[in-house]
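A quick write-up on the structure given underneath.
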Amino acid sequence: MTLQDDCLLKTGDVINGKWIILESLGKGGMGEVYKAHQLDLDRYMAIKCISRSWIRSFENDAEAINSSIERFGREVRIMAHITHPNVAEIYDYGTLATGMKPITMGSVPCTRAG
């Protein structure tokens with residue numbers, strides 16, 4: 001199974017008619033991050049959302065899922081107040097018709113170890 005196989009989003013997906021997914025950048029313990037292009041403002045950005053595997057790990061425990069989503073929201077609100085060259089600027093956060101709650105943010109140039 002590749003990273004892309006279990007991701008919420010796939011390369012080429014258009015989110016909310018606004019962002020096109022270019023590639024999956026990685027997964028962490030709770031979220032997935034994608035490189036995207038914002039069509040209306042012609043800029044590159046990152047989109048982070050809660051991963052399927054994270055939600056599945058709660059085995060339909062609604063309280064744990066809601067707590068996780070609230071924690072994700074707190075992360076966004078905290079990040080929105082941080083200004084630093086090594087921290088991505090938050091552009092937007094909200095709930096889509098699909099129920100997904102993506103964070104859209106600037107991308108911070110980095111190099112991969114290896």
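Lettering and numbering for the structure tokens are positional, with chains as A, B, ... in the shown order, residues counted from 1 in each chain, and ligands counted from 1 in the shown order.
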Check your understanding: Within 7 Å of range 35-38 of chain A, counting only C-alpha atoms, which residues qualify if same-chain residues fewer than 6 places away don't, as a list of chain:residue names?
Key ->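 In the requested form, the answer reads A:Lys18, A:Trp19, A:Ile20, A:Ile21, A:Leu22, A:Glu23, A:Ser24, A:Leu25, A:Tyr44, A:Met45, A:Ala46, A:Ile47.
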Taking a cut-off of 10 Å and counting only C-alpha atoms, can you build a table that, for each residue of range 18-83 of chain A near range 88-109 of chain A, reports the nearest atom pair and how far apart they are in Å (one decimal), sorted by chain then residue number, as JSON lines?
```
{"residue": "A:Trp19", "atom": "CA", "partner": "A:Thr104", "partner_atom": "CA", "distance": 9.3}
{"residue": "A:Gly31", "atom": "CA", "partner": "A:Pro102", "partner_atom": "CA", "distance": 9.8}
{"residue": "A:Glu32", "atom": "CA", "partner": "A:Pro102", "partner_atom": "CA", "distance": 9.7}
{"residue": "A:Val33", "atom": "CA", "partner": "A:Ile103", "partner_atom": "CA", "distance": 9.3}
{"residue": "A:Tyr34", "atom": "CA", "partner": "A:Thr104", "partner_atom": "CA", "distance": 9.6}
{"residue": "A:Lys35", "atom": "CA", "partner": "A:Ser107", "partner_atom": "CA", "distance": 8.0}
{"residue": "A:Ala36", "atom": "CA", "partner": "A:Thr104", "partner_atom": "CA", "distance": 9.1}
{"residue": "A:Gln38", "atom": "CA", "partner": "A:Thr104", "partner_atom": "CA", "distance": 9.5}
{"residue": "A:Arg43", "atom": "CA", "partner": "A:Gly106", "partner_atom": "CA", "distance": 9.0}
{"residue": "A:Tyr44", "atom": "CA", "partner": "A:Ser107", "partner_atom": "CA", "distance": 7.3}
{"residue": "A:Met45", "atom": "CA", "partner": "A:Gly106", "partner_atom": "CA", "distance": 4.8}
{"residue": "A:Ala46", "atom": "CA", "partner": "A:Met105", "partner_atom": "CA", "distance": 5.3}
{"residue": "A:Ile47", "atom": "CA", "partner": "A:Thr104", "partner_atom": "CA", "distance": 4.6}
{"residue": "A:Lys48", "atom": "CA", "partner": "A:Ile103", "partner_atom": "CA", "distance": 5.1}
{"residue": "A:Cys49", "atom": "CA", "partner": "A:Pro102", "partner_atom": "CA", "distance": 4.6}
{"residue": "A:Ile50", "atom": "CA", "partner": "A:Lys101", "partner_atom": "CA", "distance": 7.5}
{"residue": "A:Ser51", "atom": "CA", "partner": "A:Met100", "partner_atom": "CA", "distance": 9.9}
{"residue": "A:Ile69", "atom": "CA", "partner": "A:Lys101", "partner_atom": "CA", "distance": 8.4}
{"residue": "A:Phe72", "atom": "CA", "partner": "A:Lys101", "partner_atom": "CA", "distance": 8.9}
{"residue": "A:Gly73", "atom": "CA", "partner": "A:Tyr93", "partner_atom": "CA", "distance": 8.4}
{"residue": "A:Glu75", "atom": "CA", "partner": "A:Ile103", "partner_atom": "CA", "distance": 9.8}
{"residue": "A:Val76", "atom": "CA", "partner": "A:Ile103", "partner_atom": "CA", "distance": 7.1}
{"residue": "A:Arg77", "atom": "CA", "partner": "A:Ile90", "partner_atom": "CA", "distance": 8.9}
{"residue": "A:Ile78", "atom": "CA", "partner": "A:Ile90", "partner_atom": "CA", "distance": 9.8}
{"residue": "A:Met79", "atom": "CA", "partner": "A:Ile90", "partner_atom": "CA", "distance": 6.8}
{"residue": "A:Ala80", "atom": "CA", "partner": "A:Ile90", "partner_atom": "CA", "distance": 5.3}
{"residue": "A:His81", "atom": "CA", "partner": "A:Ile90", "partner_atom": "CA", "distance": 8.7}
{"residue": "A:Ile82", "atom": "CA", "partner": "A:Glu89", "partner_atom": "CA", "distance": 7.7}
{"residue": "A:Thr83", "atom": "CA", "partner": "A:Glu89", "partner_atom": "CA", "distance": 7.1}
```
Practice item. From a DSSP calculation on the backbone, collect every residue of range 17-113 of chain A in strand (DSSP E) and output the set as number ranges by chain. Key: A: 19-27, 31-38, 43-50, 90-93, 103-105
Those residues you just picked out, can you put them in a file as an mmCIF file, in the first residue's frame with N, CA and C atoms?
```cif
data_model
loop_
_atom_site.group_PDB
_atom_site.id
_atom_site.type_symbol
_atom_site.label_atom_id
_atom_site.label_comp_id
_atom_site.auth_asym_id
_atom_site.auth_seq_id
_atom_site.Cartn_x
_atom_site.Cartn_y
_atom_site.Cartn_z
ATOM 1 N N TRP A 19 -9.399 24.651 -4.745
ATOM 2 C CA TRP A 19 -8.038 24.147 -4.600
ATOM 3 C C TRP A 19 -7.899 22.831 -5.351
ATOM 4 N N ILE A 20 -6.805 22.674 -6.070
ATOM 5 C CA ILE A 20 -6.528 21.402 -6.745
ATOM 6 C C ILE A 20 -5.350 20.735 -6.031
ATOM 7 N N ILE A 21 -5.522 19.459 -5.721
ATOM 8 C CA ILE A 21 -4.480 18.711 -5.016
ATOM 9 C C ILE A 21 -3.403 18.309 -6.023
ATOM 10 N N LEU A 22 -2.154 18.677 -5.725
ATOM 11 C CA LEU A 22 -1.035 18.368 -6.608
ATOM 12 C C LEU A 22 -0.287 17.109 -6.181
ATOM 13 N N GLU A 23 -0.139 16.923 -4.864
ATOM 14 C CA GLU A 23 0.538 15.730 -4.375
ATOM 15 C C GLU A 23 0.354 15.602 -2.868
ATOM 16 N N SER A 24 0.505 14.389 -2.393
ATOM 17 C CA SER A 24 0.501 14.135 -0.960
ATOM 18 C C SER A 24 1.911 14.398 -0.444
ATOM 19 N N LEU A 25 2.029 15.203 0.612
ATOM 20 C CA LEU A 25 3.346 15.513 1.175
ATOM 21 C C LEU A 25 3.696 14.589 2.337
ATOM 22 N N GLY A 26 2.673 14.095 3.023
ATOM 23 C CA GLY A 26 2.962 13.181 4.119
ATOM 24 C C GLY A 26 1.814 13.047 5.090
ATOM 25 N N LYS A 27 2.013 12.096 6.014
ATOM 26 C CA LYS A 27 1.032 11.823 7.060
ATOM 27 C C LYS A 27 1.745 11.811 8.389
ATOM 28 N N GLY A 31 -2.822 13.817 11.128
ATOM 29 C CA GLY A 31 -3.237 14.494 9.904
ATOM 30 C C GLY A 31 -2.474 14.100 8.664
ATOM 31 N N GLU A 32 -3.008 14.580 7.552
ATOM 32 C CA GLU A 32 -2.398 14.406 6.236
ATOM 33 C C GLU A 32 -2.171 15.797 5.663
ATOM 34 N N VAL A 33 -1.070 15.965 4.950
ATOM 35 C CA VAL A 33 -0.747 17.261 4.352
ATOM 36 C C VAL A 33 -0.529 17.076 2.860
ATOM 37 N N TYR A 34 -1.096 17.994 2.089
ATOM 38 C CA TYR A 34 -1.033 17.951 0.633
ATOM 39 C C TYR A 34 -0.513 19.269 0.084
ATOM 40 N N LYS A 35 0.201 19.195 -1.011
ATOM 41 C CA LYS A 35 0.544 20.393 -1.773
ATOM 42 C C LYS A 35 -0.645 20.653 -2.696
ATOM 43 N N ALA A 36 -1.072 21.908 -2.745
ATOM 44 C CA ALA A 36 -2.234 22.261 -3.559
ATOM 45 C C ALA A 36 -1.992 23.593 -4.256
ATOM 46 N N HIS A 37 -2.844 23.877 -5.217
ATOM 47 C CA HIS A 37 -2.810 25.159 -5.922
ATOM 48 C C HIS A 37 -4.174 25.798 -5.767
ATOM 49 N N GLN A 38 -4.191 27.035 -5.272
ATOM 50 C CA GLN A 38 -5.449 27.771 -5.138
ATOM 51 C C GLN A 38 -5.740 28.429 -6.474
ATOM 52 N N ARG A 43 -2.006 30.621 -6.398
ATOM 53 C CA ARG A 43 -0.885 30.462 -5.466
ATOM 54 C C ARG A 43 -0.823 29.025 -4.981
ATOM 55 N N TYR A 44 0.386 28.622 -4.608
ATOM 56 C CA TYR A 44 0.602 27.288 -4.070
ATOM 57 C C TYR A 44 0.458 27.341 -2.561
ATOM 58 N N MET A 45 -0.021 26.257 -2.010
ATOM 59 C CA MET A 45 -0.285 26.213 -0.583
ATOM 60 C C MET A 45 -0.249 24.781 -0.102
ATOM 61 N N ALA A 46 -0.469 24.621 1.194
ATOM 62 C CA ALA A 46 -0.595 23.299 1.788
ATOM 63 C C ALA A 46 -2.004 23.166 2.358
ATOM 64 N N ILE A 47 -2.535 21.965 2.309
ATOM 65 C CA ILE A 47 -3.827 21.658 2.922
ATOM 66 C C ILE A 47 -3.606 20.508 3.894
ATOM 67 N N LYS A 48 -4.060 20.707 5.125
ATOM 68 C CA LYS A 48 -3.946 19.666 6.145
ATOM 69 C C LYS A 48 -5.347 19.259 6.578
ATOM 70 N N CYS A 49 -5.562 17.962 6.731
ATOM 71 C CA CYS A 49 -6.850 17.476 7.221
ATOM 72 C C CYS A 49 -6.619 16.250 8.107
ATOM 73 N N ILE A 50 -7.620 15.931 8.898
ATOM 74 C CA ILE A 50 -7.536 14.767 9.773
ATOM 75 C C ILE A 50 -7.565 13.504 8.912
ATOM 76 N N ILE A 90 -1.778 30.559 8.324
ATOM 77 C CA ILE A 90 -3.098 29.970 8.109
ATOM 78 C C ILE A 90 -3.895 30.881 7.186
ATOM 79 N N TYR A 91 -4.444 30.310 6.117
ATOM 80 C CA TYR A 91 -5.290 31.063 5.188
ATOM 81 C C TYR A 91 -6.770 30.872 5.504
ATOM 82 N N ASP A 92 -7.159 29.624 5.809
ATOM 83 C CA ASP A 92 -8.581 29.351 5.986
ATOM 84 C C ASP A 92 -8.762 28.042 6.741
ATOM 85 N N TYR A 93 -9.927 27.912 7.367
ATOM 86 C CA TYR A 93 -10.316 26.684 8.059
ATOM 87 C C TYR A 93 -11.833 26.655 8.087
ATOM 88 N N ILE A 103 -7.449 22.578 6.852
ATOM 89 C CA ILE A 103 -6.731 23.816 7.134
ATOM 90 C C ILE A 103 -5.991 24.150 5.850
ATOM 91 N N THR A 104 -6.182 25.351 5.334
ATOM 92 C CA THR A 104 -5.375 25.767 4.193
ATOM 93 C C THR A 104 -4.342 26.752 4.728
ATOM 94 N N MET A 105 -3.104 26.573 4.287
ATOM 95 C CA MET A 105 -2.002 27.371 4.827
ATOM 96 C C MET A 105 -0.923 27.573 3.790
#
```
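Going from CA of Leu8 in chain A over to CA of Trp54 in chain A, you cover 11.3 Å.
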Check your understanding: Can you list every residue in range 57-92 of chain A that DSSP puts in alpha helix (DSSP H), as a list of chain:residue names?
Key -> A:Ala62, A:Glu63, A:Ala64, A:Ile65, A:Asn66, A:Ser67, A:Ser68, A:Ile69, A:Glu70, A:Arg71, A:Phe72, A:Gly73, A:Arg74, A:Glu75, A:Val76, A:Arg77, A:Ile78, A:Met79
Point to revise | Atomic distance CA of Leu9 in chain A - CA of Ser68 in chain A, expressed in Å with one decimal | key: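 Computing it gives 19.6 Å between the two atoms.
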